[in-house]
Every structure is written in structure tokens, then in C-alpha cells.
file work_20.pdb (PDB, C-alpha atoms)
ATOM      1  CA  MET W  11      20.122  10.707 -16.850
ATOM      2  CA  ASN W  12      18.051  12.917 -19.159
ATOM      3  CA  VAL W  13      14.391  12.117 -18.478
ATOM      4  CA  LEU W  14      11.260  13.334 -20.216
ATOM      5  CA  VAL W  15       8.175  13.350 -17.989
ATOM      6  CA  THR W  16       4.997  13.712 -20.000
ATOM      7  CA  GLY W  17       2.220  15.154 -17.863
ATOM      8  CA  GLY W  18       4.910  16.479 -15.551
ATOM      9  CA  ALA W  19       2.806  19.437 -14.414
ATOM     10  CA  GLY W  20       0.067  17.137 -13.166
ATOM     11  CA  PHE W  21      -0.460  15.628  -9.735
ATOM     12  CA  ILE W  22       1.671  12.485 -10.040
ATOM     13  CA  GLY W  23       3.994  13.954 -12.639
ATOM     14  CA  SER W  24       4.964  16.938 -10.499
ATOM     15  CA  HIS W  25       5.904  14.622  -7.630
ATOM     16  CA  LEU W  26       7.951  12.473  -9.987
ATOM     17  CA  VAL W  27       9.771  15.517 -11.361
ATOM     18  CA  ARG W  28      10.873  16.375  -7.829
ATOM     19  CA  GLY W  29      12.030  12.821  -7.240
ATOM     20  CA  LEU W  30      14.117  12.872 -10.411
ATOM     21  CA  LEU W  31      15.662  16.244  -9.591
ATOM     22  CA  LYS W  32      16.497  15.039  -6.103
ATOM     23  CA  ARG W  33      18.590  12.211  -7.496
ATOM     24  CA  GLY W  34      20.361  14.545  -9.927
ATOM     25  CA  ASP W  35      18.633  13.902 -13.250
ATOM     26  CA  HIS W  36      18.026  16.490 -15.947
ATOM     27  CA  VAL W  37      14.250  16.721 -16.378
ATOM     28  CA  ARG W  38      12.207  17.904 -19.334
ATOM     29  CA  VAL W  39       8.440  18.220 -18.890
ATOM     30  CA  LEU W  40       5.881  17.950 -21.678
ATOM     31  CA  ASP W  41       2.398  19.053 -20.632
ATOM     32  CA  ASP W  42      -0.500  20.730 -22.424
ATOM     33  CA  LEU W  43      -1.744  22.129 -19.077
ATOM     34  CA  SER W  44      -5.270  20.874 -19.718
ATOM     35  CA  THR W  45      -5.295  19.203 -16.303
ATOM     36  CA  GLY W  46      -1.748  19.973 -15.141
ATOM     37  CA  LYS W  47      -0.845  23.313 -13.610
ATOM     38  CA  ARG W  48       2.286  25.445 -13.834
ATOM     39  CA  GLU W  49       1.961  26.196 -10.128
ATOM     40  CA  ASN W  50       2.601  22.514  -9.407
ATOM     41  CA  LEU W  51       6.175  23.168 -10.537
ATOM     42  CA  ALA W  52       6.443  26.795  -9.459
ATOM     43  CA  GLU W  53       9.192  26.497  -6.858
ATOM     44  CA  ILE W  54      11.342  24.279  -9.116
ATOM     45  CA  ALA W  55      10.600  26.022 -12.418
ATOM     46  CA  GLY W  56      14.210  27.130 -12.807
ATOM     47  CA  GLU W  57      15.434  23.545 -12.515
ATOM     48  CA  VAL W  58      13.132  22.038 -15.136
ATOM     49  CA  GLU W  59      12.970  22.339 -18.908
ATOM     50  CA  MET W  60       9.292  22.995 -19.682
ATOM     51  CA  LEU W  61       7.610  22.293 -23.025
ATOM     52  CA  GLU W  62       3.939  23.133 -23.445
ATOM     53  CA  GLY W  63       2.387  20.746 -25.936
ATOM     54  CA  ASP W  64      -0.017  17.899 -26.610
ATOM     55  CA  VAL W  65       0.921  14.219 -26.893
ATOM     56  CA  ARG W  66      -1.653  13.930 -29.670
ATOM     57  CA  ASP W  67       0.781  15.849 -31.898
ATOM     58  CA  PRO W  68       3.563  13.585 -33.271
ATOM     59  CA  GLU W  69       5.941  16.476 -34.015
ATOM     60  CA  THR W  70       5.631  17.745 -30.447
ATOM     61  CA  CYS W  71       6.393  14.262 -29.113
ATOM     62  CA  SER W  72       9.433  13.945 -31.379
ATOM     63  CA  ALA W  73      10.842  17.270 -30.230
ATOM     64  CA  ALA W  74      10.226  16.387 -26.595
ATOM     65  CA  CYS W  75      12.083  13.072 -26.893
ATOM     66  CA  ALA W  76      15.166  14.580 -28.560
ATOM     67  CA  GLY W  77      18.268  14.006 -26.444
ATOM     68  CA  MET W  78      16.440  12.024 -23.768
ATOM     69  CA  ASP W  79      17.727   8.798 -22.231
ATOM     70  CA  ALA W  80      14.350   7.827 -20.791
ATOM     71  CA  VAL W  81      10.669   8.726 -20.876
ATOM     72  CA  SER W  82       8.217   8.475 -17.997
ATOM     73  CA  HIS W  83       4.848   8.715 -19.694
ATOM     74  CA  GLN W  84       2.391  10.082 -17.137
ATOM     75  CA  ALA W  85       0.288  12.192 -19.515
ATOM     76  CA  ALA W  86      -3.299  10.963 -19.752
ATOM     77  CA  LEU W  87      -6.923  11.911 -19.432
ATOM     78  CA  GLY W  88      -7.820  10.310 -16.131
ATOM     79  CA  SER W  89     -11.214   9.492 -14.630
ATOM     80  CA  VAL W  90     -13.537   6.603 -15.349
ATOM     81  CA  PRO W  91     -16.661   8.859 -15.408
ATOM     82  CA  ARG W  92     -15.078  11.223 -17.937
ATOM     83  CA  SER W  93     -14.206   8.292 -20.201
ATOM     84  CA  VAL W  94     -17.779   6.998 -20.012
ATOM     85  CA  GLU W  95     -19.069  10.427 -21.050
ATOM     86  CA  ASP W  96     -16.463  10.985 -23.775
ATOM     87  CA  PRO W  97     -14.700   7.764 -24.833
ATOM     88  CA  ALA W  98     -13.363   9.244 -28.072
ATOM     89  CA  THR W  99     -11.216  11.918 -26.407
ATOM     90  CA  THR W 100      -9.993   9.447 -23.802
ATOM     91  CA  HIS W 101      -8.872   7.169 -26.638
ATOM     92  CA  GLU W 102      -7.202  10.001 -28.551
ATOM     93  CA  VAL W 103      -5.131  11.119 -25.573
ATOM     94  CA  ASN W 104      -4.471   7.844 -23.800
ATOM     95  CA  VAL W 105      -4.035   5.485 -26.762
ATOM     96  CA  ASN W 106      -3.017   7.632 -29.731
ATOM     97  CA  GLY W 107      -0.972   9.878 -27.447
ATOM     98  CA  THR W 108       0.870   6.932 -25.929
ATOM     99  CA  LEU W 109       1.618   5.520 -29.373
ATOM    100  CA  ASN W 110       2.920   8.909 -30.495
ATOM    101  CA  VAL W 111       5.308   9.112 -27.549
ATOM    102  CA  LEU W 112       6.466   5.517 -28.099
ATOM    103  CA  LEU W 113       7.132   6.201 -31.769
ATOM    104  CA  ALA W 114       8.994   9.394 -30.914
ATOM    105  CA  ALA W 115      11.063   7.576 -28.285
ATOM    106  CA  ARG W 116      12.034   4.922 -30.822
ATOM    107  CA  GLU W 117      12.821   7.537 -33.474
ATOM    108  CA  ARG W 118      14.967   9.599 -31.103
ATOM    109  CA  GLY W 119      16.931   6.672 -29.661
ATOM    110  CA  VAL W 120      15.435   6.740 -26.163
ATOM    111  CA  LYS W 121      16.445   3.612 -24.255
ATOM    112  CA  ARG W 122      13.902   3.339 -21.418
ATOM    113  CA  PHE W 123      10.145   3.965 -21.407
ATOM    114  CA  VAL W 124       8.012   3.786 -18.266
ATOM    115  CA  PHE W 125       4.241   3.836 -18.758
ATOM    116  CA  ALA W 126       1.689   4.905 -16.153
ATOM    117  CA  SER W 127      -1.072   2.317 -16.297
ATOM    118  CA  SER W 128      -3.950   1.679 -13.914
ATOM    119  CA  SER W 129      -5.506  -0.922 -11.657
ATOM    120  CA  SER W 130      -8.713  -0.344 -13.622
ATOM    121  CA  VAL W 131      -7.509  -2.861 -16.219
ATOM    122  CA  TYR W 132      -8.535  -5.662 -13.827
ATOM    123  CA  GLY W 133     -12.149  -4.501 -13.898
ATOM    124  CA  ASP W 134     -14.511  -6.945 -12.278
ATOM    125  CA  ALA W 135     -12.073  -9.838 -12.032
ATOM    126  CA  PRO W 136     -13.608 -12.026  -9.294
ATOM    127  CA  GLU W 137     -10.303 -12.850  -7.643
ATOM    128  CA  ARG W 138      -9.922 -10.932  -4.392
ATOM    129  CA  VAL W 139      -6.200 -10.231  -4.810
ATOM    130  CA  LYS W 140      -5.157  -8.762  -8.145
ATOM    131  CA  VAL W 141      -1.987 -10.293  -9.567
ATOM    132  CA  GLU W 142      -0.551  -9.370 -12.928
ATOM    133  CA  GLU W 143      -1.291 -12.769 -14.466
ATOM    134  CA  LEU W 144      -5.067 -12.305 -14.169
ATOM    135  CA  PRO W 145      -6.995 -11.698 -17.391
ATOM    136  CA  ALA W 146      -7.890  -8.066 -17.934
ATOM    137  CA  ARG W 147     -11.613  -7.292 -17.638
ATOM    138  CA  PRO W 148     -11.936  -3.517 -18.198
ATOM    139  CA  LEU W 149     -15.252  -1.906 -17.312
ATOM    140  CA  SER W 150     -14.706   1.558 -18.800
ATOM    141  CA  PRO W 151     -13.171   3.241 -21.840
ATOM    142  CA  TYR W 152     -10.483   4.604 -19.507
ATOM    143  CA  ALA W 153      -9.512   1.069 -18.480
ATOM    144  CA  VAL W 154      -9.461  -0.031 -22.117
ATOM    145  CA  SER W 155      -7.169   2.882 -22.994
ATOM    146  CA  LYS W 156      -4.689   1.928 -20.280
ATOM    147  CA  LEU W 157      -4.743  -1.710 -21.326
ATOM    148  CA  ALA W 158      -4.045  -0.666 -24.910
ATOM    149  CA  GLY W 159      -1.121   1.442 -23.730
ATOM    150  CA  GLU W 160       0.288  -1.533 -21.841
ATOM    151  CA  ALA W 161      -0.026  -3.710 -24.934
ATOM    152  CA  TYR W 162       1.876  -1.170 -26.992
ATOM    153  CA  THR W 163       4.718  -1.079 -24.464
ATOM    154  CA  VAL W 164       5.006  -4.872 -24.609
ATOM    155  CA  VAL W 165       5.101  -4.841 -28.408
ATOM    156  CA  PHE W 166       7.657  -2.031 -28.564
ATOM    157  CA  ASN W 167       9.900  -4.022 -26.254
ATOM    158  CA  ARG W 168       9.581  -7.267 -28.194
ATOM    159  CA  VAL W 169       9.635  -5.839 -31.709
ATOM    160  CA  TYR W 170      11.843  -2.753 -31.410
ATOM    161  CA  GLY W 171      13.928  -3.477 -28.314
ATOM    162  CA  LEU W 172      12.724  -0.413 -26.376
ATOM    163  CA  GLU W 173      13.198  -1.055 -22.650
ATOM    164  CA  THR W 174       9.615  -0.696 -21.478
ATOM    165  CA  VAL W 175       7.945  -1.083 -18.077
ATOM    166  CA  ALA W 176       4.262  -0.511 -17.266
ATOM    167  CA  LEU W 177       3.143   0.373 -13.749
ATOM    168  CA  ARG W 178      -0.435  -0.284 -12.670
ATOM    169  CA  TYR W 179      -1.244   2.395 -10.109
ATOM    170  CA  PHE W 180      -3.792   1.658  -7.401
ATOM    171  CA  ASN W 181      -5.779   4.721  -6.228
ATOM    172  CA  VAL W 182      -2.969   7.224  -5.869
ATOM    173  CA  PHE W 183      -3.443  10.152  -3.486
ATOM    174  CA  GLY W 184      -1.396  12.952  -1.955
ATOM    175  CA  PRO W 185      -0.655  16.688  -2.011
ATOM    176  CA  ARG W 186      -1.510  18.724  -5.127
ATOM    177  CA  GLN W 187      -4.287  16.378  -6.230
ATOM    178  CA  ASP W 188      -7.028  18.624  -7.622
ATOM    179  CA  PRO W 189     -10.155  18.550  -5.428
ATOM    180  CA  GLU W 190     -12.121  20.968  -7.600
ATOM    181  CA  SER W 191     -12.451  18.902 -10.739
ATOM    182  CA  MET W 192     -15.826  17.256 -11.310
ATOM    183  CA  TYR W 193     -13.784  14.077 -11.711
ATOM    184  CA  ALA W 194     -11.772  14.557  -8.523
ATOM    185  CA  ALA W 195     -10.554  11.438  -6.744
ATOM    186  CA  VAL W 196     -12.075  10.450  -3.440
ATOM    187  CA  VAL W 197      -9.250  11.462  -1.070
ATOM    188  CA  PRO W 198      -9.041  15.153  -2.083
ATOM    189  CA  ARG W 199     -12.829  15.354  -2.169
ATOM    190  CA  PHE W 200     -13.116  13.919   1.345
ATOM    191  CA  ALA W 201     -10.278  16.083   2.670
ATOM    192  CA  THR W 202     -11.531  19.400   1.358
ATOM    193  CA  ARG W 203     -15.160  18.742   2.302
ATOM    194  CA  LEU W 204     -14.280  17.701   5.839
ATOM    195  CA  LEU W 205     -11.920  20.643   6.297
ATOM    196  CA  GLY W 206     -14.690  22.936   5.054
ATOM    197  CA  GLY W 207     -17.285  21.422   7.369
ATOM    198  CA  GLU W 208     -19.247  19.931   4.467
ATOM    199  CA  ARG W 209     -20.644  16.437   3.866
ATOM    200  CA  PRO W 210     -18.680  14.401   1.282
ATOM    201  CA  VAL W 211     -20.445  12.175  -1.227
ATOM    202  CA  ILE W 212     -19.905   8.415  -1.285
ATOM    203  CA  PHE W 213     -21.183   6.657  -4.391
ATOM    204  CA  GLY W 214     -22.862   3.400  -3.407
ATOM    205  CA  ASP W 215     -22.929   1.873   0.073
ATOM    206  CA  GLY W 216     -19.302   2.718   0.808
ATOM    207  CA  GLU W 217     -18.312  -0.896   1.394
ATOM    208  CA  GLN W 218     -16.423  -1.074  -1.883
ATOM    209  CA  SER W 219     -12.718  -1.533  -1.164
ATOM    210  CA  ARG W 220      -9.744   0.310  -2.595
ATOM    211  CA  HIS W 221      -5.997  -0.096  -2.272
ATOM    212  CA  PHE W 222      -5.032   3.533  -1.653
ATOM    213  CA  THR W 223      -1.425   4.386  -2.483
ATOM    214  CA  TYR W 224       0.402   7.479  -1.280
ATOM    215  CA  VAL W 225       2.081   9.276  -4.175
ATOM    216  CA  ASP W 226       5.630   8.908  -2.806
ATOM    217  CA  ASN W 227       5.321   5.164  -3.367
ATOM    218  CA  VAL W 228       4.425   5.750  -7.008
ATOM    219  CA  VAL W 229       7.444   8.016  -7.417
ATOM    220  CA  LEU W 230       9.636   5.308  -5.904
ATOM    221  CA  ALA W 231       8.262   2.694  -8.313
ATOM    222  CA  ASN W 232       8.960   4.980 -11.285
ATOM    223  CA  LEU W 233      12.539   5.636 -10.167
ATOM    224  CA  LEU W 234      13.124   1.910  -9.769
ATOM    225  CA  ALA W 235      11.556   1.185 -13.172
ATOM    226  CA  LEU W 236      13.961   3.639 -14.795
ATOM    227  CA  GLU W 237      16.879   1.554 -13.490
ATOM    228  CA  CYS W 238      15.521  -2.022 -13.514
ATOM    229  CA  PRO W 239      17.366  -4.959 -15.153
ATOM    230  CA  PRO W 240      16.410  -6.613 -18.467
ATOM    231  CA  ARG W 241      14.324  -9.340 -16.827
ATOM    232  CA  ALA W 242      11.797  -6.647 -15.816
ATOM    233  CA  TRP W 243      11.290  -5.183 -19.289
ATOM    234  CA  GLY W 244       8.151  -5.683 -21.344
ATOM    235  CA  ARG W 245       5.891  -6.337 -18.382
ATOM    236  CA  ALA W 246       3.312  -4.614 -16.178
ATOM    237  CA  TYR W 247       3.578  -4.370 -12.392
ATOM    238  CA  ASN W 248       1.148  -3.443  -9.636
ATOM    239  CA  VAL W 249       2.078  -0.392  -7.577
ATOM    240  CA  ALA W 250       0.189  -0.212  -4.293
ATOM    241  CA  CYS W 251       0.668   0.130  -0.565
ATOM    242  CA  GLY W 252      -0.472  -1.501   2.646
ATOM    243  CA  ARG W 253      -3.942  -2.969   2.653
ATOM    244  CA  ALA W 254      -7.271  -2.354   0.974
ATOM    245  CA  ILE W 255      -9.861  -0.423   2.956
ATOM    246  CA  SER W 256     -13.501   0.426   2.287
ATOM    247  CA  LEU W 257     -14.586   3.952   1.465
ATOM    248  CA  ASN W 258     -16.491   4.013   4.741
ATOM    249  CA  GLU W 259     -13.303   3.158   6.616
ATOM    250  CA  LEU W 260     -11.353   5.745   4.623
ATOM    251  CA  PHE W 261     -13.933   8.343   5.586
ATOM    252  CA  SER W 262     -13.518   7.487   9.282
ATOM    253  CA  VAL W 263      -9.712   7.636   9.037
ATOM    254  CA  MET W 264      -9.900  11.047   7.375
ATOM    255  CA  GLN W 265     -12.385  12.315   9.963
ATOM    256  CA  ARG W 266      -9.876  11.511  12.686
ATOM    257  CA  ALA W 267      -7.046  13.107  10.702
ATOM    258  CA  VAL W 268      -9.034  16.339  10.302
ATOM    259  CA  GLY W 269     -10.343  16.246  13.875
ATOM    260  CA  GLY W 270     -12.595  18.796  15.536
ATOM    261  CA  LYS W 271     -16.126  19.089  14.209
ATOM    262  CA  ALA W 272     -15.297  16.781  11.285
ATOM    263  CA  ILE W 273     -15.918  13.849  13.639
ATOM    264  CA  GLU W 274     -19.634  14.719  13.631
ATOM    265  CA  ILE W 275     -20.009  14.935   9.842
ATOM    266  CA  ARG W 276     -21.812  12.130   8.025
ATOM    267  CA  PRO W 277     -21.392  11.404   4.301
ATOM    268  CA  VAL W 278     -24.095  11.653   1.653
ATOM    269  CA  HIS W 279     -24.678   8.389  -0.215
ATOM    270  CA  GLU W 280     -25.556   8.536  -3.902
ATOM    271  CA  PRO W 281     -26.094   5.727  -6.448
ATOM    272  CA  PRO W 282     -23.011   3.845  -7.688
ATOM    273  CA  ARG W 283     -21.301   5.257 -10.780
ATOM    274  CA  GLN W 284     -21.164   3.338 -14.031
ATOM    275  CA  GLY W 285     -17.769   1.751 -14.680
ATOM    276  CA  ASP W 286     -16.579   1.838 -11.069
ATOM    277  CA  VAL W 287     -14.915  -1.326  -9.780
ATOM    278  CA  ARG W 288     -16.368  -2.864  -6.621
ATOM    279  CA  ASP W 289     -13.167  -4.106  -4.952
ATOM    280  CA  SER W 290      -9.491  -3.534  -5.584
ATOM    281  CA  LEU W 291      -6.649  -5.233  -3.710
ATOM    282  CA  ALA W 292      -3.162  -5.586  -5.146
ATOM    283  CA  SER W 293      -0.309  -7.987  -4.742
ATOM    284  CA  VAL W 294       3.015  -6.178  -5.203
ATOM    285  CA  ASP W 295       5.133  -9.332  -5.108
ATOM    286  CA  ALA W 296       6.065  -9.079  -8.791
ATOM    287  CA  ALA W 297       7.194  -5.453  -8.425
ATOM    288  CA  LYS W 298       9.196  -6.412  -5.355
ATOM    289  CA  GLN W 299      11.008  -9.209  -7.157
ATOM    290  CA  ALA W 300      11.578  -7.484 -10.497
ATOM    291  CA  LEU W 301      12.008  -3.841  -9.474
ATOM    292  CA  GLY W 302      12.980  -4.043  -5.817
ATOM    293  CA  TYR W 303       9.828  -2.129  -4.907
ATOM    294  CA  ALA W 304       8.556  -1.916  -1.341
ATOM    295  CA  PRO W 305       6.102   0.771  -0.171
ATOM    296  CA  ALA W 306       7.851   3.533   1.737
ATOM    297  CA  VAL W 307       4.811   5.363   3.168
ATOM    298  CA  ASP W 308       1.798   3.616   4.689
ATOM    299  CA  VAL W 309      -1.770   4.720   4.079
ATOM    300  CA  ALA W 310      -2.392   6.260   7.515
ATOM    301  CA  THR W 311       0.772   8.372   7.332
ATOM    302  CA  GLY W 312      -0.008   9.401   3.779
ATOM    303  CA  ILE W 313      -3.520  10.469   4.727
ATOM    304  CA  ARG W 314      -2.202  12.523   7.644
ATOM    305  CA  TRP W 315       0.323  14.293   5.401
ATOM    306  CA  THR W 316      -2.301  14.855   2.720
ATOM    307  CA  VAL W 317      -4.819  16.348   5.137
ATOM    308  CA  GLU W 318      -2.097  18.641   6.523
ATOM    309  CA  TRP W 319      -1.282  19.832   2.998
ATOM    310  CA  TYR W 320      -4.918  20.576   2.182
ATOM    311  CA  ARG W 321      -5.376  22.331   5.527
ATOM    312  CA  ASP W 322      -2.394  24.588   4.730
ATOM    313  CA  ASN W 323      -3.516  25.003   1.120
ATOM    314  CA  LEU W 324      -7.065  25.977   2.019
ATOM    315  CA  ALA W 325      -5.827  28.423   4.622
ATOM    316  CA  SER W 326      -3.459  30.178   2.216
TER     317      SER W 326
END
call {"tool": "encode", "arguments": {"input": "work_20.pdb", "output": "C-alpha cells"}}
result
Amino acid sequence: MNVLVTGGAGFIGSHLVRGLLKRGDHVRVLDDLSTGKRENLAEIAGEVEMLEGDVRDPETCSAACAGMDAVSHQAALGSVPRSVEDPATTHEVNVNGTLNVLLAARERGVKRFVFASSSSVYGDAPERVKVEELPARPLSPYAVSKLAGEAYTVVFNRVYGLETVALRYFNVFGPRQDPESMYAAVVPRFATRLLGGERPVIFGDGEQSRHFTYVDNVVLANLLALECPPRAWGRAYNVACGRAISLNELFSVMQRAVGGKAIEIRPVHEPPRQGDVRDSLASVDAAKQALGYAPAVDVATGIRWTVEWYRDNLAS
């Protein structure tokens, strides 16, 4: 299969590219390298067709989709705080960019389109367990942009017959996640601070829960979505792993994974951030039934592997 991965030089995208290559696909990457990095693909550069470009440009999207059987659209401006600070750019990249890629896929005869969505679309839904049938209650421009992208994939399936699947990722973590960005996710921030003997920051009391998902599980869900039967098209599915844990519990787990003097470190608590969801717990029953998805790596194992990667990375 010829697969275009937008955002393929990013954290999740670079893992997906490796998963596609492993199963024998031809992979083309489209990335503007604003948040992605060439070094994320360095050791497989000779196996990947690389296009540097922006999904906000329709001509670039059209060229990228030429000759492709499928698109995995991972390109996006992530981060709830960034979207609160600059909603316009988040909209341009995440909504207009997604529409551009969808239009290009339709124009170029692409058959399958997998969209990277987010658990943030559930917002402050009061139900403890998030199932796909719940009404969306986005709390940030980022969440709105992902919900809009989902809606476009549904419409392109129903109106144009494009085989679309949206995947709602829950707090993805793993190797190559950038810890230096001011919008860095919690796992790389905790890992690098603990390994450096520094105190990580927890926003709020730390009792907010998250359903952390090791990146290999997200890759698996994408591979399954690229092959799923017609009954799965035109819908969104949760992609998560294991159980939800609080940030305080995550901190303790990561302390033990780092070991040594990290056990004595205590976090710094700062006020909650605007737009952050209090609790997030996913049901993956729909993904299991429609896609055949089952998490392959549990949270504890994923954290151990991630800490080992950052330890090696920091030492190099």
C-alpha cells in the first residue's frame, strides 16, 4: 500500500512511519518541520519519501496525495494551552489543513483516510467513562478544531464515498516526544525533570485523571484503521490503554522507573491551566469491535521504556 503520513516527522507520525515500513508499505511523509524533526526519521531516511510542506497549502496537499492509496493525517498544531493563546493559527492548521488534505485525497483518488483526533473533544462531559456516543463538549479551541476535523471526515465518507476513520487519542506518550517545548506533554516533562534531578510541575492538585496511552498502541490502531471493513467507516473511535491514573500516581510510577535520588523529589504545584479537562477515561469497546483493536503495551511497561529512552537520549 502507498501511504501518505502527514506530520510524519513528528512524535506520533515518526512511530507510525516505522510501523508502516515494517509491514512493507511505501511511505511518503509530508511535514513542514515546524514541530516535527528530520532526526526523528534519520535512521530510516533512505526508506521514506520526504516532502517538506504545509497542509495549509492546497497545491502541496494535492502533490502529496498523488499516487497514494491511503492517507494517515497526523499533521496538527497540538496543545490546549497553545490553542487558547492563538486560536486562529490552530484553526488554520487543524481545520483548514485537514479540509485541504481531504479535498486533495478526493481529487487524487485516495481510497482510505485516517484522521488523528483527540480525547479533548469530550471536554467536561460528566460521564466517568467516555464512549463515542457522548455529546462533544470541547473546552478549548484545540478540541473544537479536532471535532471539526472529525465532522469533515464523516461528511466526506457520506457525501463523497471516501473511506474515513477518526481515532480519538488519549494522552499519547513514548520515545521522541519533545520535552523542551513550552507545550510539552506531561510524561516527557516528568521524565526529563526527574532524570535531571529537578522538580516537575503539576498544574492543579494532581488528582485529575488521564488515560495514558503508549505510542505503539496508537500505531496499532492506525494500521488497523487502514485495513478496517466498511462498517467501520465514517466514525470516530477511542484509542487508549489500560486504566486511567491521576497525575500524582503517574509521578510516583515515574519516580520508581527513574529510581535513585528521583524517589526523594517532590513536584511543584501550580494553578490549573485554562481548557484542561479534569478527568479522562476511555472505553475502547467500539474500536475493539469495529477495528479489532486491543492495547498491546500497558502503561507501566510503556513508562519504563520511555524513561529508558530519555535516559539514553539525555546521556548521548
call {"tool": "atom_distance", "arguments": {"input": "work_20.pdb", "atom1": "atom CA of W:Leu149", "atom2": "atom CA of W:Gly133"}}
result
5.3 Å
call {"tool": "residues_around", "arguments": {"input": "work_20.pdb", "residues": "W:Glu274", "least_positions_apart": "3", "cutoff": "10 Å", "atoms": "only C-alpha atoms", "output": "compact mmCIF listing (two decimals) with C-alpha atoms, in the frame of the given file"}}
result
# COMPACT_ATOMS: atom_id res chain seq x y z
CA LEU W 204 -14.28 17.70 5.84
CA GLY W 207 -17.28 21.42 7.37
CA ARG W 209 -20.64 16.44 3.87
CA GLN W 265 -12.38 12.32 9.96
CA GLY W 269 -10.34 16.25 13.88
CA GLY W 270 -12.60 18.80 15.54
CA LYS W 271 -16.13 19.09 14.21
call {"tool": "residues_around", "arguments": {"input": "work_20.pdb", "residues": "W:Gly77", "least_positions_apart": "5", "cutoff": "12 Å", "atoms": "only C-alpha atoms", "output": "number ranges by chain"}}
result
W: 11-14, 36-38, 72, 114-121
call {"tool": "write_last_selection", "arguments": {"input": "work_20.pdb", "atoms": "C-alpha atoms", "output": "mmCIF file, in the frame of the given file"}}
result
data_model
loop_
_atom_site.group_PDB
_atom_site.id
_atom_site.type_symbol
_atom_site.label_atom_id
_atom_site.label_comp_id
_atom_site.auth_asym_id
_atom_site.auth_seq_id
_atom_site.Cartn_x
_atom_site.Cartn_y
_atom_site.Cartn_z
ATOM 1 C CA MET W 11 20.122 10.707 -16.850
ATOM 2 C CA ASN W 12 18.051 12.917 -19.159
ATOM 3 C CA VAL W 13 14.391 12.117 -18.478
ATOM 4 C CA LEU W 14 11.260 13.334 -20.216
ATOM 5 C CA HIS W 36 18.026 16.490 -15.947
ATOM 6 C CA VAL W 37 14.250 16.721 -16.378
ATOM 7 C CA ARG W 38 12.207 17.904 -19.334
ATOM 8 C CA SER W 72 9.433 13.945 -31.379
ATOM 9 C CA ALA W 114 8.994 9.394 -30.914
ATOM 10 C CA ALA W 115 11.063 7.576 -28.285
ATOM 11 C CA ARG W 116 12.034 4.922 -30.822
ATOM 12 C CA GLU W 117 12.821 7.537 -33.474
ATOM 13 C CA ARG W 118 14.967 9.599 -31.103
ATOM 14 C CA GLY W 119 16.931 6.672 -29.661
ATOM 15 C CA VAL W 120 15.435 6.740 -26.163
ATOM 16 C CA LYS W 121 16.445 3.612 -24.255
#
call {"tool": "closest_residue", "arguments": {"input": "work_20.pdb", "among": "W:Thr223, W:Thr70, W:Asn50, W:Ser155", "to": "W:Gly88", "atoms": "all atoms listed in the file"}}
result
W:Ser155
call {"tool": "atom_distance", "arguments": {"input": "work_20.pdb", "atom1": "atom CA of W:Glu217", "atom2": "atom CA of W:Asn181"}}
result
15.7 Å
call {"tool": "residues_around", "arguments": {"input": "work_20.pdb", "residues": "stretch 93-103 of chain W", "least_positions_apart": "3", "cutoff": "8 Å", "atoms": "all atoms listed in the file", "output": "list in words"}}
result
Val65, Arg66, Ala86, Leu87, Gly88, Ser89, Val90, Asn106, Gly107, Thr108, Ser150, Pro151, Tyr152, Ser155, Gln284 and Gly285 of chain W
call {"tool": "closest_residue", "arguments": {"input": "work_20.pdb", "among": "W:Thr202, W:Thr174, W:Thr163, W:Gln218", "to": "W:Arg283", "atoms": "only C-alpha atoms"}}
result
W:Gln218
call {"tool": "residues_around", "arguments": {"input": "work_20.pdb", "residues": "W:Gly312", "least_positions_apart": "3", "cutoff": "9 Å", "atoms": "all atoms listed in the file", "output": "list in words"}}
result
Phe183, Gly184, Thr223, Tyr224, Val225, Asp226, Val307, Asp308, Val309, Trp315, Thr316 and Val317 of chain W
call {"tool": "resolve_selection", "arguments": {"input": "work_20.pdb", "expression": "the PyMOL selection byres ((chain W and resi 294) around 10)", "output": "ChimeraX atom specification"}}
result
/W:140-142,247-252,291-293,295-299,303-305
call {"tool": "resolve_selection", "arguments": {"input": "work_20.pdb", "expression": "the PyMOL selection byres ((chain W and resi 276) around 10)", "output": "mmCIF file with C-alpha atoms, keeping the file's coordinate frame"}}
result
data_model
loop_
_atom_site.group_PDB
_atom_site.id
_atom_site.type_symbol
_atom_site.label_atom_id
_atom_site.label_comp_id
_atom_site.auth_asym_id
_atom_site.auth_seq_id
_atom_site.Cartn_x
_atom_site.Cartn_y
_atom_site.Cartn_z
ATOM 1 C CA LEU W 204 -14.280 17.701 5.839
ATOM 2 C CA GLU W 208 -19.247 19.931 4.467
ATOM 3 C CA ARG W 209 -20.644 16.437 3.866
ATOM 4 C CA PRO W 210 -18.680 14.401 1.282
ATOM 5 C CA VAL W 211 -20.445 12.175 -1.227
ATOM 6 C CA PHE W 261 -13.933 8.343 5.586
ATOM 7 C CA SER W 262 -13.518 7.487 9.282
ATOM 8 C CA GLN W 265 -12.385 12.315 9.963
ATOM 9 C CA ALA W 272 -15.297 16.781 11.285
ATOM 10 C CA ILE W 273 -15.918 13.849 13.639
ATOM 11 C CA GLU W 274 -19.634 14.719 13.631
ATOM 12 C CA ILE W 275 -20.009 14.935 9.842
ATOM 13 C CA PRO W 277 -21.392 11.404 4.301
ATOM 14 C CA VAL W 278 -24.095 11.653 1.653
ATOM 15 C CA HIS W 279 -24.678 8.389 -0.215
#
call {"tool": "closest_residue", "arguments": {"input": "work_20.pdb", "among": "W:Leu109, W:Ala310, W:Ala201, W:Ala126", "to": "W:Val165", "atoms": "only C-alpha atoms"}}
result
W:Leu109
call {"tool": "residues_around", "arguments": {"input": "work_20.pdb", "residues": "W:Ser219", "least_positions_apart": "3", "cutoff": "12 Å", "atoms": "all atoms listed in the file", "output": "ChimeraX atom specification"}}
result
/W:138-139,180-181,214-216,222,253-260,286-292
call {"tool": "residues_near_point", "arguments": {"input": "work_20.pdb", "point": "(7.8, 8.3, -22.9)", "cutoff": "6 Å", "atoms": "only C-alpha atoms", "output": "PyMOL selection string"}}
result
chain W and resi 81-83+111+123
call {"tool": "closest_residue", "arguments": {"input": "work_20.pdb", "among": "W:Gly34, W:Pro148, W:Pro91, W:Gly159", "to": "W:Gly244", "atoms": "only C-alpha atoms"}}
result
W:Gly159
call {"tool": "closest_residue", "arguments": {"input": "work_20.pdb", "among": "W:Ile313, W:Leu144, W:Ala161, W:Cys75", "to": "W:Val197", "atoms": "only C-alpha atoms"}}
result
W:Ile313
call {"tool": "closest_residue", "arguments": {"input": "work_20.pdb", "among": "W:Val105, W:Ala246, W:Leu205, W:Ala153", "to": "W:Trp319", "atoms": "all atoms listed in the file"}}
result
W:Leu205
call {"tool": "atom_distance", "arguments": {"input": "work_20.pdb", "atom1": "atom CA of W:Leu172", "atom2": "atom CA of W:Ser24"}}
result
24.8 Å
call {"tool": "axis_aligned_box", "arguments": {"input": "work_20.pdb", "around": "stretch 294-303 of chain W", "padding_each_side": "4 Å", "output": "AutoDock Vina command-line options"}}
result
--center_x 8.0 --center_y -5.7 --center_z -7.7 --size_x 18.0 --size_y 15.2 --size_z 13.6
